[in-house]
Structures are given as C-alpha cells and as structure tokens.
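Data from query-v5.cif: mmCIF, C-alpha atoms and all ligand atoms
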data_query
loop_
_atom_site.label_atom_id
_atom_site.label_comp_id
_atom_site.auth_asym_id
_atom_site.auth_seq_id
_atom_site.Cartn_x
_atom_site.Cartn_y
_atom_site.Cartn_z
CA MET U 1 -19.27 -16.58 19.33
CA GLY U 2 -19.67 -13.16 20.85
CA ASN U 3 -17.92 -11.47 23.66
CA HIS U 4 -18.72 -12.64 27.14
CA LEU U 5 -19.87 -10.72 30.11
CA VAL U 6 -18.52 -11.43 33.54
CA LYS U 7 -20.91 -11.83 36.46
CA LYS U 8 -20.37 -9.25 39.10
CA ASN U 9 -20.45 -11.62 42.11
CA SER U 10 -17.29 -11.13 44.03
CA ILE U 11 -15.32 -14.19 45.00
CA ASN U 12 -12.58 -14.48 47.52
CA HIS U 13 -10.64 -17.42 46.14
CA ASP U 14 -9.26 -18.74 42.87
CA SER U 15 -9.22 -22.31 41.64
CA ASN U 16 -5.85 -24.09 41.53
CA PHE U 17 -5.94 -23.77 37.75
CA HIS U 18 -6.28 -20.02 37.90
CA LYS U 19 -3.67 -19.74 40.64
CA LEU U 20 -1.26 -21.62 38.41
CA PHE U 21 -2.07 -19.91 35.14
CA SER U 22 -3.28 -16.48 36.16
CA SER U 23 -5.19 -15.07 39.05
CA TYR U 24 -8.84 -14.12 38.68
CA LYS U 25 -7.68 -10.49 38.88
CA LEU U 26 -5.34 -11.01 35.90
CA ILE U 27 -8.14 -12.73 33.93
CA ASN U 28 -10.45 -9.79 34.51
CA GLU U 29 -7.76 -7.33 33.51
CA ASN U 30 -7.37 -9.09 30.17
CA ARG U 31 -10.77 -10.68 29.74
CA VAL U 32 -10.74 -10.65 25.95
CA GLY U 33 -7.28 -12.24 25.76
CA PHE U 34 -8.32 -14.92 28.27
CA ASP U 35 -11.53 -15.74 26.39
CA GLU U 36 -9.71 -15.93 23.08
CA ARG U 37 -7.16 -18.36 24.49
CA GLU U 38 -9.91 -20.50 26.07
CA HIS U 39 -11.83 -20.49 22.80
CA LEU U 40 -8.76 -21.49 20.81
CA GLY U 41 -8.03 -24.29 23.30
CA HIS U 42 -11.59 -25.55 22.95
CA ALA U 43 -11.42 -25.45 19.14
CA LEU U 44 -8.07 -27.27 19.07
CA ILE U 45 -9.35 -30.11 21.25
CA ARG U 46 -12.48 -30.38 19.11
CA ASP U 47 -10.35 -30.62 15.97
CA ILE U 48 -7.82 -33.04 17.46
CA PHE U 49 -10.61 -35.44 18.48
CA LYS U 50 -12.70 -34.62 15.40
CA GLY U 51 -15.74 -33.54 17.40
CA ASN U 52 -16.96 -32.16 20.70
CA PHE U 53 -17.62 -35.64 22.07
CA SER U 54 -16.85 -39.27 21.30
CA SER U 55 -19.58 -41.02 23.34
CA PRO U 56 -22.32 -42.74 21.30
CA ILE U 57 -25.04 -40.34 22.44
CA GLN U 58 -26.49 -39.27 19.09
CA ASP U 59 -29.95 -40.63 19.90
CA ILE U 60 -30.38 -38.60 23.11
CA LEU U 61 -29.29 -35.34 21.48
CA PHE U 62 -32.66 -34.92 19.80
CA ASP U 63 -34.69 -35.35 22.99
CA SER U 64 -35.91 -32.43 25.11
CA ASP U 65 -35.74 -34.60 28.27
CA THR U 66 -31.98 -34.99 27.93
CA ASN U 67 -29.84 -33.26 30.58
CA ILE U 68 -26.20 -32.49 29.80
CA LEU U 69 -23.69 -31.16 32.35
CA ASP U 70 -20.26 -29.62 31.78
CA VAL U 71 -18.22 -29.68 35.01
CA GLY U 72 -15.70 -26.81 35.21
CA CYS U 73 -17.24 -25.27 32.10
CA GLY U 74 -14.98 -22.20 32.18
CA SER U 75 -16.11 -19.62 29.62
CA GLY U 76 -18.76 -22.04 28.33
CA PHE U 77 -17.53 -22.54 24.77
CA TRP U 78 -18.21 -26.30 24.74
CA LEU U 79 -21.75 -25.83 26.06
CA MET U 80 -22.56 -23.03 23.65
CA GLU U 81 -21.35 -25.00 20.68
CA MET U 82 -23.27 -28.11 21.79
CA ALA U 83 -26.43 -26.06 22.37
CA SER U 84 -26.11 -24.58 18.92
CA ASP U 85 -25.50 -27.97 17.24
CA TYR U 86 -28.19 -29.84 19.24
CA GLN U 87 -31.05 -27.62 20.26
CA LYS U 88 -33.32 -30.02 22.14
CA PRO U 89 -31.41 -31.00 25.31
CA ASN U 90 -31.18 -28.99 28.54
CA TYR U 91 -27.64 -27.87 29.23
CA PHE U 92 -26.03 -27.16 32.62
CA GLY U 93 -22.61 -25.74 33.40
CA ILE U 94 -20.90 -25.33 36.75
CA ASP U 95 -17.72 -23.42 37.41
CA ILE U 96 -16.19 -22.16 40.61
CA LEU U 97 -15.44 -18.85 38.90
CA PRO U 98 -18.03 -16.50 37.37
CA ILE U 99 -16.39 -16.50 33.94
CA PHE U 100 -19.22 -17.91 31.83
CA PRO U 101 -21.55 -15.69 29.79
CA GLU U 102 -24.49 -14.32 31.71
CA PHE U 103 -26.59 -12.74 28.98
CA THR U 104 -25.21 -13.89 25.65
CA CYS U 105 -26.26 -17.52 25.64
CA PRO U 106 -29.38 -19.54 24.86
CA LYS U 107 -31.90 -19.97 27.68
CA ARG U 108 -31.45 -23.73 27.47
CA ILE U 109 -28.03 -23.36 29.12
CA LYS U 110 -28.12 -22.87 32.87
CA PHE U 111 -24.80 -21.72 34.26
CA ARG U 112 -24.13 -21.94 37.95
CA GLN U 113 -21.22 -20.48 39.84
CA GLY U 114 -20.24 -23.03 42.44
CA ASN U 115 -17.85 -25.65 43.67
CA PHE U 116 -18.52 -29.04 42.09
CA PHE U 117 -17.57 -30.67 45.40
CA LYS U 118 -20.47 -28.90 47.10
CA SER U 119 -22.92 -28.87 44.21
CA ARG U 120 -25.15 -31.70 45.51
CA TYR U 121 -26.98 -32.39 42.27
CA GLU U 122 -29.76 -34.98 42.73
CA ASP U 123 -28.94 -38.65 42.15
CA ASN U 124 -29.44 -39.87 38.54
CA THR U 125 -29.90 -36.39 37.01
CA PHE U 126 -27.74 -36.29 33.87
CA ASP U 127 -27.72 -38.27 30.65
CA PHE U 128 -24.28 -37.02 29.66
CA ILE U 129 -21.52 -35.42 31.72
CA HIS U 130 -18.53 -33.75 30.12
CA MET U 131 -15.44 -32.67 32.03
CA GLN U 132 -12.40 -31.25 30.33
CA PHE U 133 -9.04 -29.99 31.58
CA LEU U 134 -9.60 -30.10 35.33
CA VAL U 135 -6.46 -32.12 35.77
CA CYS U 136 -4.63 -29.60 37.93
CA ASP U 137 -7.68 -28.43 39.84
CA PHE U 138 -8.25 -31.51 41.96
CA THR U 139 -5.99 -33.08 44.56
CA VAL U 140 -5.01 -36.73 44.33
CA ASP U 141 -7.27 -37.38 47.32
CA GLN U 142 -10.23 -35.79 45.49
CA TRP U 143 -9.51 -37.81 42.33
CA GLU U 144 -9.26 -41.01 44.37
CA ASN U 145 -12.15 -40.52 46.74
CA PHE U 146 -14.70 -38.17 45.30
CA VAL U 147 -14.61 -37.13 41.63
CA PHE U 148 -15.64 -40.35 39.87
CA GLN U 149 -17.90 -41.46 42.73
CA GLU U 150 -19.80 -38.17 42.49
CA LEU U 151 -19.97 -38.22 38.67
CA ALA U 152 -21.38 -41.76 38.83
CA ARG U 153 -23.94 -40.76 41.45
CA ILE U 154 -25.39 -37.86 39.45
CA LEU U 155 -25.39 -39.71 36.09
CA LYS U 156 -28.61 -41.48 35.15
CA PRO U 157 -28.38 -45.27 34.72
CA GLY U 158 -27.28 -45.74 31.10
CA GLY U 159 -25.85 -42.19 31.01
CA TRP U 160 -22.40 -41.44 29.61
CA LEU U 161 -19.38 -39.81 31.24
CA GLU U 162 -16.70 -38.24 29.06
CA ILE U 163 -13.51 -36.78 30.45
CA CYS U 164 -10.62 -35.19 28.59
CA ASP U 165 -7.25 -34.29 30.11
CA PRO U 166 -3.71 -33.55 28.98
CA GLU U 167 -0.44 -35.04 30.20
CA PHE U 168 1.79 -32.39 31.69
CA LYS U 169 4.82 -33.57 29.76
CA PHE U 170 6.20 -32.20 26.50
CA GLU U 171 7.38 -34.92 24.12
CA ASN U 172 10.48 -34.03 22.07
CA ASP U 173 11.10 -31.12 24.39
CA GLY U 174 14.06 -28.76 24.66
CA PRO U 175 15.81 -27.27 27.72
CA ALA U 176 13.49 -24.25 28.11
CA SER U 177 10.22 -26.20 27.74
CA ASN U 178 11.54 -29.00 29.97
CA LYS U 179 12.50 -26.54 32.70
CA LEU U 180 9.14 -24.78 32.60
CA ASN U 181 7.18 -28.05 32.60
CA SER U 182 9.18 -29.36 35.59
CA ALA U 183 8.39 -26.18 37.53
CA VAL U 184 4.68 -26.47 36.64
CA CYS U 185 4.60 -30.11 37.79
CA LYS U 186 6.35 -29.16 41.03
CA ASN U 187 3.75 -26.45 41.59
CA ILE U 188 0.86 -28.88 40.99
CA ARG U 189 2.43 -31.46 43.34
CA SER U 190 2.93 -28.82 46.03
CA LYS U 191 -0.88 -28.46 46.05
CA ASN U 192 -1.30 -32.23 46.41
CA GLY U 193 -2.20 -32.63 42.74
CA ASP U 194 -0.68 -35.02 40.21
CA PRO U 195 0.23 -33.56 36.78
CA LEU U 196 0.10 -37.08 35.30
CA ILE U 197 -3.15 -38.17 36.99
CA VAL U 198 -4.49 -38.92 33.52
CA HIS U 199 -2.51 -42.18 33.68
CA ARG U 200 -4.68 -43.21 36.63
CA HIS U 201 -8.04 -42.25 35.11
CA ARG U 202 -8.62 -45.76 33.76
CA SER U 203 -8.08 -47.55 37.07
CA LEU U 204 -9.97 -44.93 39.05
CA ILE U 205 -12.99 -45.09 36.74
CA GLU U 206 -12.93 -48.87 36.62
CA SER U 207 -12.91 -49.03 40.42
CA ILE U 208 -16.39 -47.43 40.56
CA PRO U 209 -19.02 -50.20 40.76
CA SER U 210 -21.48 -48.54 38.36
CA PHE U 211 -18.76 -48.18 35.69
CA SER U 212 -16.85 -51.40 36.27
CA SER U 213 -19.07 -53.65 34.15
CA SER U 214 -18.96 -51.28 31.11
CA THR U 215 -16.26 -50.93 28.47
CA LEU U 216 -14.08 -47.91 29.14
CA HIS U 217 -13.18 -46.28 25.83
CA HIS U 218 -9.89 -44.42 25.59
CA GLU U 219 -8.58 -42.17 22.81
CA LYS U 220 -5.05 -40.80 23.01
CA ARG U 221 -4.03 -38.03 20.60
CA LYS U 222 -1.07 -35.77 19.92
CA PHE U 223 -1.51 -32.05 20.61
CA PRO U 224 1.01 -30.74 18.07
CA LEU U 225 3.15 -27.70 18.85
CA CYS U 226 4.90 -27.39 15.51
CA SER U 227 3.48 -26.61 12.08
CA LEU U 228 5.86 -29.09 10.41
CA ASP U 229 3.74 -31.92 11.83
CA ASN U 230 0.34 -30.47 11.10
CA LYS U 231 0.28 -27.11 9.35
CA GLU U 232 -2.63 -25.22 10.90
CA LEU U 233 -3.20 -27.31 14.01
CA GLY U 234 0.51 -27.34 14.89
CA GLU U 235 0.88 -23.61 14.36
CA LEU U 236 -2.16 -22.80 16.50
CA GLY U 237 -1.24 -25.47 19.06
CA GLY U 238 2.21 -23.92 19.44
CA PHE U 239 0.70 -20.44 19.74
CA HIS U 240 -1.90 -21.55 22.30
CA THR U 241 0.73 -23.31 24.42
CA LYS U 242 3.08 -20.35 24.20
CA GLU U 243 0.34 -17.97 25.41
CA SER U 244 -0.65 -20.37 28.22
CA CYS U 245 3.01 -20.47 29.26
CA ARG U 246 3.12 -16.66 29.21
CA ASN U 247 0.31 -16.72 31.76
CA ILE U 248 2.14 -19.29 33.84
CA LEU U 249 5.35 -17.26 33.81
CA GLN U 250 3.42 -14.21 35.03
CA GLY U 251 2.41 -16.17 38.14
CA PRO U 252 4.18 -18.10 40.92
CA VAL U 253 6.02 -20.45 38.54
CA GLY U 254 7.75 -17.47 36.91
CA LYS U 255 8.91 -16.41 40.37
CA ASP U 256 10.08 -19.94 41.21
CA LEU U 257 12.16 -19.92 38.02
CA ASN U 258 13.42 -16.44 38.77
CA ILE U 259 12.25 -15.16 35.38
CA LYS U 260 11.60 -11.44 35.50
CA PRO U 261 8.61 -9.91 33.62
CA LYS U 262 10.92 -8.30 31.05
CA GLU U 263 12.55 -11.70 30.35
CA ILE U 264 9.29 -13.56 29.63
CA ASP U 265 9.13 -12.75 25.91
CA SER U 266 12.63 -14.03 25.21
CA TYR U 267 12.01 -17.21 27.27
CA LEU U 268 8.85 -17.88 25.28
CA ASP U 269 10.62 -17.25 21.97
CA LYS U 270 13.25 -19.80 23.00
CA MET U 271 10.50 -22.31 23.77
CA SER U 272 8.76 -21.67 20.46
CA ARG U 273 12.01 -22.30 18.59
CA GLU U 274 12.45 -25.56 20.49
CA PHE U 275 8.89 -26.63 19.58
CA ILE U 276 9.75 -26.24 15.90
CA LEU U 277 13.30 -27.62 15.99
CA SER U 278 12.33 -30.70 18.01
CA ARG U 279 8.78 -31.15 16.63
CA SER U 280 7.37 -31.02 20.16
CA TYR U 281 3.90 -32.14 21.17
CA PHE U 282 2.07 -33.44 24.21
CA HIS U 283 -0.58 -36.07 24.65
CA VAL U 284 -4.26 -35.49 25.37
CA HIS U 285 -6.59 -38.26 26.46
CA ARG U 286 -10.32 -38.71 26.16
CA PHE U 287 -12.10 -41.41 28.19
CA TYR U 288 -15.77 -42.26 27.90
CA VAL U 289 -17.86 -44.83 29.69
CA GLN U 290 -21.51 -45.69 30.24
CA LYS U 291 -23.03 -46.00 33.70
CA SER U 292 -24.58 -49.39 34.26
CA TRP U 293 -28.37 -49.67 33.74
CA GLU U 294 -28.65 -51.84 36.84
CA VAL U 295 -27.96 -49.42 39.67
C1 LIG M 1 -8.56 -25.49 32.67
S1 LIG M 1 -10.12 -24.82 32.93
C2 LIG M 1 -11.06 -25.78 31.76
C3 LIG M 1 -12.26 -25.05 31.26
C4 LIG M 1 -13.07 -25.82 30.23
N1 LIG M 1 -13.54 -27.08 30.76
C5 LIG M 1 -12.25 -26.06 28.98
O1 LIG M 1 -12.02 -27.21 28.61
O2 LIG M 1 -11.83 -25.06 28.36
C6 LIG M 1 -10.64 -25.54 34.47
C7 LIG M 1 -11.93 -24.92 34.96
O3 LIG M 1 -12.42 -25.65 36.09
C8 LIG M 1 -12.90 -24.74 37.05
N2 LIG M 1 -12.90 -25.39 38.37
C9 LIG M 1 -11.83 -25.76 39.10
N3 LIG M 1 -12.19 -26.37 40.24
C10 LIG M 1 -13.53 -26.39 40.25
C11 LIG M 1 -14.51 -26.89 41.16
N4 LIG M 1 -14.14 -27.48 42.31
N5 LIG M 1 -15.81 -26.75 40.84
C12 LIG M 1 -16.18 -26.15 39.69
N6 LIG M 1 -15.30 -25.66 38.79
C13 LIG M 1 -14.00 -25.78 39.05
C14 LIG M 1 -11.94 -23.56 36.94
O4 LIG M 1 -12.48 -22.37 37.46
C15 LIG M 1 -11.72 -23.50 35.44
O5 LIG M 1 -12.62 -22.64 34.80
#

File written out as structure tokens:
Amino acid sequence: MGNHLVKKNSINHDSNFHKLFSSYKLINENRVGFDEREHLGHALIRDIFKGNFSSPIQDILFDSDTNILDVGCGSGFWLMEMASDYQKPNYFGIDILPIFPEFTCPKRIKFRQGNFFKSRYEDNTFDFIHMQFLVCDFTVDQWENFVFQELARILKPGGWLEICDPEFKFENDGPASNKLNSAVCKNIRSKNGDPLIVHRHRSLIESIPSFSSSTLHHEKRKFPLCSLDNKELGELGGFHTKESCRNILQGPVGKDLNIKPKEIDSYLDKMSREFILSRSYFHVHRFYVQKSWEV
C-alpha cells in the first residue's frame, strides 16, 4: 500500500484517541511513522483473527449493490484491503480526522471526514458495518445510549455488524507496563470513557431490539507481545505496542507519570524487557451480529 496524502482541511479538535496517543499536530509531523504503525496494527489484527472479518458475509461481497461502512476508519487500511480483495461492493469510511488517503485509493471507496455522532446516514443503508479500536474514543454515555442504537438504525435488515476492541490491561505484566497502563486507564476514565468497555459490549448489543433475537458471536484472542509465544506475531506485537506507548508517553500520560522526553527510551526498553521476561500479552475481542430481518 502506498503512501497516503493528508487532506488539507483544517480542524480545530482532536479525537480522544489522538489526544491520548498523539495530537493531530504530532501525527502530521511524523505522518509516515504514524501510517506505518497504523498499518502494522491493522495487519496484526488481521493475522490474529485470521482475516479482515469473521461475519458470514461471503455472498454479499460479490454484489455491486452491497454497501460497507468502516466507522473511525483512520488511515483506511482495512477499507483498502477489503476493496482490493472484493471489488464489487461500495465502500464508505468516516473518520473525524482527515487522515485517510485522498487520491491514492479506488473510486469505490468514499471517505468522509466527519463525526459519526453527527453523520446522519439514512436508515437501513449498510449491509456490513465494521468498527475497530474506537474503545477510548467514546464516553460510557455514548456507548450506552447512542453507538449501538445508531449502528442498528443504519444497518439494513439482515445486515451484519462487526466490532473489534482491545482490553486495556496487560496480562503477565511487569512494574513498568502496569504503571503505564494504569495511567492510560486513568486518563480514559477522566474523559468519561471506560478502558474495559469491551466487557460490556455483549450486554449493550443484546439490549438493542433489532439485535436481541440474533446470536451474538464473540471471538477472544491473545495479542502477543513476546516472540517466545509466537515468533513473528509476538515480535511485531511487542514492537507495535512499544511504539504506541512511545506516542502515549509523548502526550499527557507521560506528563502525569513525570517521565521526561529524554527518559522515554529507557522506560520503553524496560517495558520491552518485561514483555519478554513475563511473556506479556493483552486480549482483543471481536463481536459480530446480524440485524433482524423483521424491523
Ligand atoms: C484507534 S483509531 C482506529 C483506526 C482504525 N479503525 C484501525 O483499526 O486502525 C480510532 C479512530 O477513530 C476516529 N474517531 C474517533 N471518534 C470518532 C467519531 N466520533 N467519529 C468518527 N471517527 C472517530 C479517530 O480519529 C481514529 O482515527
């Protein structure tokens, strides 16, 4: 996948995710580094779940009337890969930040810069909606009262919703990774988010009438951080997490922990050693569910 061009629209706010990890200004200053990390994250999730999706949607992927939406599409790697693998459907991506490719993508992908909460897509528009890693972008109130209601509204009857999110908790952690994760969780909570909201996804989805009569499928996987557990995946998983943590330490969480810029490298090296010594990992979850035909 080629390099990506940033839209020139100016914006005056960042998403919670980008406030936590790095500001929009920081992203633009190191656009290539940011894209590479996003691409690696996308590829790791695809490999961990053995595919870009788990929903049984094979039959609609060869139909030019199929509409597929990626909410919070970021740099657009998932959409571009899907559009290259399945060339018939119409693809749509929405992200609050203008970080998706403007010129270097197939015409069948329509990117839109906008806030999902104000997007007002028509009722019953999409056959498949994908949403990945927006766990720290929404408040608990939004998760409880808007997100799944809105996704159900804009899905067609019989359409599929698939959502993938991590747990913000290192398993087999060490002191440095534990300390950083606690500070990240505190930061997310201070913005009325819940770093472990993924544990509520099942009950929130099942509370929506148009999902409640369908089976909710759930896959839980390890995201390895140590090559001893899974050679290539663990090595890259550890690297990706280390670089994400670098970003975090450059922002408000680094200040909260009183870690100075010149101390970041040694903190990260300590964390990387812990990942290997303790065989650390974290969990990622994928849920998928079909909207009832009778709505
Ligand atoms: C962690 S990134 C995930 C990107 C991509 N889904 C992936 O899996 O790599 C979260 C993305 O959601 C976007 N986002 C956050 N809040 C949003 C909102 N209210 N509407 C649209 N996009 C939003 C952020 O700008 C960011 O690009």

> Which protein, DNA or RNA residues are at most 8 Å from (-4.1, -36.8, 36.8) in the file's coordinates when you count all atoms listed in the file, listed as an MDAnalysis selection string?
Replying inline: chainID U and resid 135:136 140 143 165 167 193:201

Please identify every residue of chain U that has at least one atom no farther than 10 Å from an atom of ligand LIG 1 (chain M), counting only C-alpha atoms and all ligand atoms, and for each give the shortest atom pair and the distance in Å to one decimal, arranged by chain then increasing number, as JSON lines.
{"residue": "U:Asp14", "atom": "CA", "partner": "M:LIG1", "partner_atom": "O4", "distance": 7.3}
{"residue": "U:Ser15", "atom": "CA", "partner": "M:LIG1", "partner_atom": "C9", "distance": 5.0}
{"residue": "U:Asn16", "atom": "CA", "partner": "M:LIG1", "partner_atom": "C9", "distance": 6.7}
{"residue": "U:Phe17", "atom": "CA", "partner": "M:LIG1", "partner_atom": "C1", "distance": 6.0}
{"residue": "U:His18", "atom": "CA", "partner": "M:LIG1", "partner_atom": "O4", "distance": 6.6}
{"residue": "U:Lys19", "atom": "CA", "partner": "M:LIG1", "partner_atom": "O4", "distance": 9.7}
{"residue": "U:Phe21", "atom": "CA", "partner": "M:LIG1", "partner_atom": "C1", "distance": 8.9}
{"residue": "U:Tyr24", "atom": "CA", "partner": "M:LIG1", "partner_atom": "O4", "distance": 9.1}
{"residue": "U:Asp35", "atom": "CA", "partner": "M:LIG1", "partner_atom": "O2", "distance": 9.5}
{"residue": "U:Arg37", "atom": "CA", "partner": "M:LIG1", "partner_atom": "O2", "distance": 9.0}
{"residue": "U:Glu38", "atom": "CA", "partner": "M:LIG1", "partner_atom": "O2", "distance": 5.5}
{"residue": "U:His39", "atom": "CA", "partner": "M:LIG1", "partner_atom": "O2", "distance": 7.2}
{"residue": "U:Leu40", "atom": "CA", "partner": "M:LIG1", "partner_atom": "O2", "distance": 8.9}
{"residue": "U:Gly41", "atom": "CA", "partner": "M:LIG1", "partner_atom": "O2", "distance": 6.4}
{"residue": "U:His42", "atom": "CA", "partner": "M:LIG1", "partner_atom": "O2", "distance": 5.4}
{"residue": "U:Ala43", "atom": "CA", "partner": "M:LIG1", "partner_atom": "O2", "distance": 9.2}
{"residue": "U:Ile45", "atom": "CA", "partner": "M:LIG1", "partner_atom": "O1", "distance": 8.3}
{"residue": "U:Asp70", "atom": "CA", "partner": "M:LIG1", "partner_atom": "N1", "distance": 7.3}
{"residue": "U:Val71", "atom": "CA", "partner": "M:LIG1", "partner_atom": "C12", "distance": 6.2}
{"residue": "U:Gly72", "atom": "CA", "partner": "M:LIG1", "partner_atom": "O3", "distance": 3.6}
{"residue": "U:Cys73", "atom": "CA", "partner": "M:LIG1", "partner_atom": "N1", "distance": 4.3}
{"residue": "U:Gly74", "atom": "CA", "partner": "M:LIG1", "partner_atom": "O5", "distance": 3.6}
{"residue": "U:Ser75", "atom": "CA", "partner": "M:LIG1", "partner_atom": "C3", "distance": 6.9}
{"residue": "U:Gly76", "atom": "CA", "partner": "M:LIG1", "partner_atom": "C4", "distance": 7.1}
{"residue": "U:Phe77", "atom": "CA", "partner": "M:LIG1", "partner_atom": "O2", "distance": 7.2}
{"residue": "U:Trp78", "atom": "CA", "partner": "M:LIG1", "partner_atom": "C5", "distance": 7.3}
{"residue": "U:Leu79", "atom": "CA", "partner": "M:LIG1", "partner_atom": "N1", "distance": 9.5}
{"residue": "U:Gly93", "atom": "CA", "partner": "M:LIG1", "partner_atom": "C12", "distance": 9.0}
{"residue": "U:Ile94", "atom": "CA", "partner": "M:LIG1", "partner_atom": "C12", "distance": 5.6}
{"residue": "U:Asp95", "atom": "CA", "partner": "M:LIG1", "partner_atom": "N6", "distance": 3.6}
{"residue": "U:Ile96", "atom": "CA", "partner": "M:LIG1", "partner_atom": "N6", "distance": 4.0}
{"residue": "U:Leu97", "atom": "CA", "partner": "M:LIG1", "partner_atom": "O4", "distance": 4.8}
{"residue": "U:Pro98", "atom": "CA", "partner": "M:LIG1", "partner_atom": "O4", "distance": 8.1}
{"residue": "U:Ile99", "atom": "CA", "partner": "M:LIG1", "partner_atom": "O5", "distance": 7.3}
{"residue": "U:Phe100", "atom": "CA", "partner": "M:LIG1", "partner_atom": "O5", "distance": 8.6}
{"residue": "U:Arg112", "atom": "CA", "partner": "M:LIG1", "partner_atom": "C12", "distance": 9.2}
{"residue": "U:Gln113", "atom": "CA", "partner": "M:LIG1", "partner_atom": "C12", "distance": 7.6}
{"residue": "U:Gly114", "atom": "CA", "partner": "M:LIG1", "partner_atom": "C12", "distance": 5.8}
{"residue": "U:Asn115", "atom": "CA", "partner": "M:LIG1", "partner_atom": "N5", "distance": 3.7}
{"residue": "U:Phe116", "atom": "CA", "partner": "M:LIG1", "partner_atom": "N5", "distance": 3.8}
{"residue": "U:Phe117", "atom": "CA", "partner": "M:LIG1", "partner_atom": "N4", "distance": 5.6}
{"residue": "U:Lys118", "atom": "CA", "partner": "M:LIG1", "partner_atom": "N4", "distance": 8.1}
{"residue": "U:Ser119", "atom": "CA", "partner": "M:LIG1", "partner_atom": "N5", "distance": 8.1}
{"residue": "U:His130", "atom": "CA", "partner": "M:LIG1", "partner_atom": "N1", "distance": 8.4}
{"residue": "U:Met131", "atom": "CA", "partner": "M:LIG1", "partner_atom": "N1", "distance": 6.0}
{"residue": "U:Gln132", "atom": "CA", "partner": "M:LIG1", "partner_atom": "N1", "distance": 4.3}
{"residue": "U:Phe133", "atom": "CA", "partner": "M:LIG1", "partner_atom": "C1", "distance": 4.7}
{"residue": "U:Leu134", "atom": "CA", "partner": "M:LIG1", "partner_atom": "C6", "distance": 4.8}
{"residue": "U:Val135", "atom": "CA", "partner": "M:LIG1", "partner_atom": "C1", "distance": 7.6}
{"residue": "U:Cys136", "atom": "CA", "partner": "M:LIG1", "partner_atom": "C1", "distance": 7.7}
{"residue": "U:Asp137", "atom": "CA", "partner": "M:LIG1", "partner_atom": "N3", "distance": 5.0}
{"residue": "U:Phe138", "atom": "CA", "partner": "M:LIG1", "partner_atom": "N3", "distance": 6.7}
{"residue": "U:Gln142", "atom": "CA", "partner": "M:LIG1", "partner_atom": "N4", "distance": 9.7}
{"residue": "U:Val147", "atom": "CA", "partner": "M:LIG1", "partner_atom": "N4", "distance": 9.7}
{"residue": "U:Ile163", "atom": "CA", "partner": "M:LIG1", "partner_atom": "N1", "distance": 9.7}
{"residue": "U:Cys164", "atom": "CA", "partner": "M:LIG1", "partner_atom": "O1", "distance": 8.1}
{"residue": "U:Asp165", "atom": "CA", "partner": "M:LIG1", "partner_atom": "O1", "distance": 8.7}

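Each of U:Arg46, U:Lys107, U:Lys291, U:His283 was compared to Pro166 in chain U using all atoms listed in the file, and U:His283 turns out to be the nearest.
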
> Using all atoms listed in the file, which of U:Cys226, U:Pro252, U:Ser177, U:Phe282 sits nearest Leu268 in chain U?
Replying inline: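 Distance minimum relative to Leu268 in chain U lands on U:Ser177.
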
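Distances to Pro175 in chain U were evaluated for U:Phe128, U:Phe275, U:Tyr86, U:Phe111 using all atoms listed in the file, and the minimum falls at U:Phe275.
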
> Quick one: residues within 9 Å of Ser54 in chain U, all atoms listed in the file counted, chain neighbours fewer than 4 positions away excluded, as a list in words?
Replying inline: Phe49, Lys50, Glu162, Glu219, Arg286, Phe287 and Tyr288 of chain U

>> Using Å and a single decimal, report how far CA of Ile208 in chain U sits from CA of Pro157 in chain U.
In response: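 Atom-to-atom, CA of Pro157 in chain U and CA of Ile208 in chain U are spaced 13.5 Å apart.
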
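Of the residues listed (U:Leu151, U:Cys105, U:Leu180, U:Cys185), U:Leu180 shows the shortest atom-to-atom separation from Asn258 in chain U; distances use only C-alpha atoms.
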
> Which residue gives the smallest distance to Leu44 in chain U among U:Lys262, U:Arg189, U:His240, U:His285, with only C-alpha atoms counted?
Replying inline: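 When distances to Leu44 in chain U are compared using only C-alpha atoms, the smallest one comes from U:His240.
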
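Across the model, the gap from CA of Gln290 in chain U to CA of Arg120 in chain U is 21.0 Å.
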
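Residues in contact with Ser280 in chain U at 9 Å, where only C-alpha atoms are counted and same-chain residues fewer than 5 positions away are skipped, are listed as U:Phe170, U:Glu171, U:Asn172, U:Asp173, U:Gly174, U:Phe223, U:Pro224, U:Leu225, U:Cys226, U:Gly238, U:Glu274, U:Phe275.
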
Those selected residues, please, written with C-alpha atoms and delivered as a PDB file, in the coordinates of the input.
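The new file result-v6.pdb reads:
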ATOM      1  CA  PHE U 170       6.200 -32.200  26.500  1.00  0.00           C
ATOM      2  CA  GLU U 171       7.380 -34.920  24.120  1.00  0.00           C
ATOM      3  CA  ASN U 172      10.480 -34.030  22.070  1.00  0.00           C
ATOM      4  CA  ASP U 173      11.100 -31.120  24.390  1.00  0.00           C
ATOM      5  CA  GLY U 174      14.060 -28.760  24.660  1.00  0.00           C
ATOM      6  CA  PHE U 223      -1.510 -32.050  20.610  1.00  0.00           C
ATOM      7  CA  PRO U 224       1.010 -30.740  18.070  1.00  0.00           C
ATOM      8  CA  LEU U 225       3.150 -27.700  18.850  1.00  0.00           C
ATOM      9  CA  CYS U 226       4.900 -27.390  15.510  1.00  0.00           C
ATOM     10  CA  GLY U 238       2.210 -23.920  19.440  1.00  0.00           C
ATOM     11  CA  GLU U 274      12.450 -25.560  20.490  1.00  0.00           C
ATOM     12  CA  PHE U 275       8.890 -26.630  19.580  1.00  0.00           C
TER      13      PHE U 275
END

> Quick one: of U:Leu161, U:Leu249, U:Leu277, U:Ala176, who's nearest to Ser292 in chain U, counting all atoms listed in the file?
Replying inline: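 Looking only at the distances to Ser292 in chain U, the closest residue turns out to be U:Leu161.
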
> By how many Å are CA of Asn247 in chain U and CA of Phe34 in chain U apart?
Replying inline: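 Spanning CA of Asn247 in chain U to CA of Phe34 in chain U is a straight-line distance of 9.5 Å.
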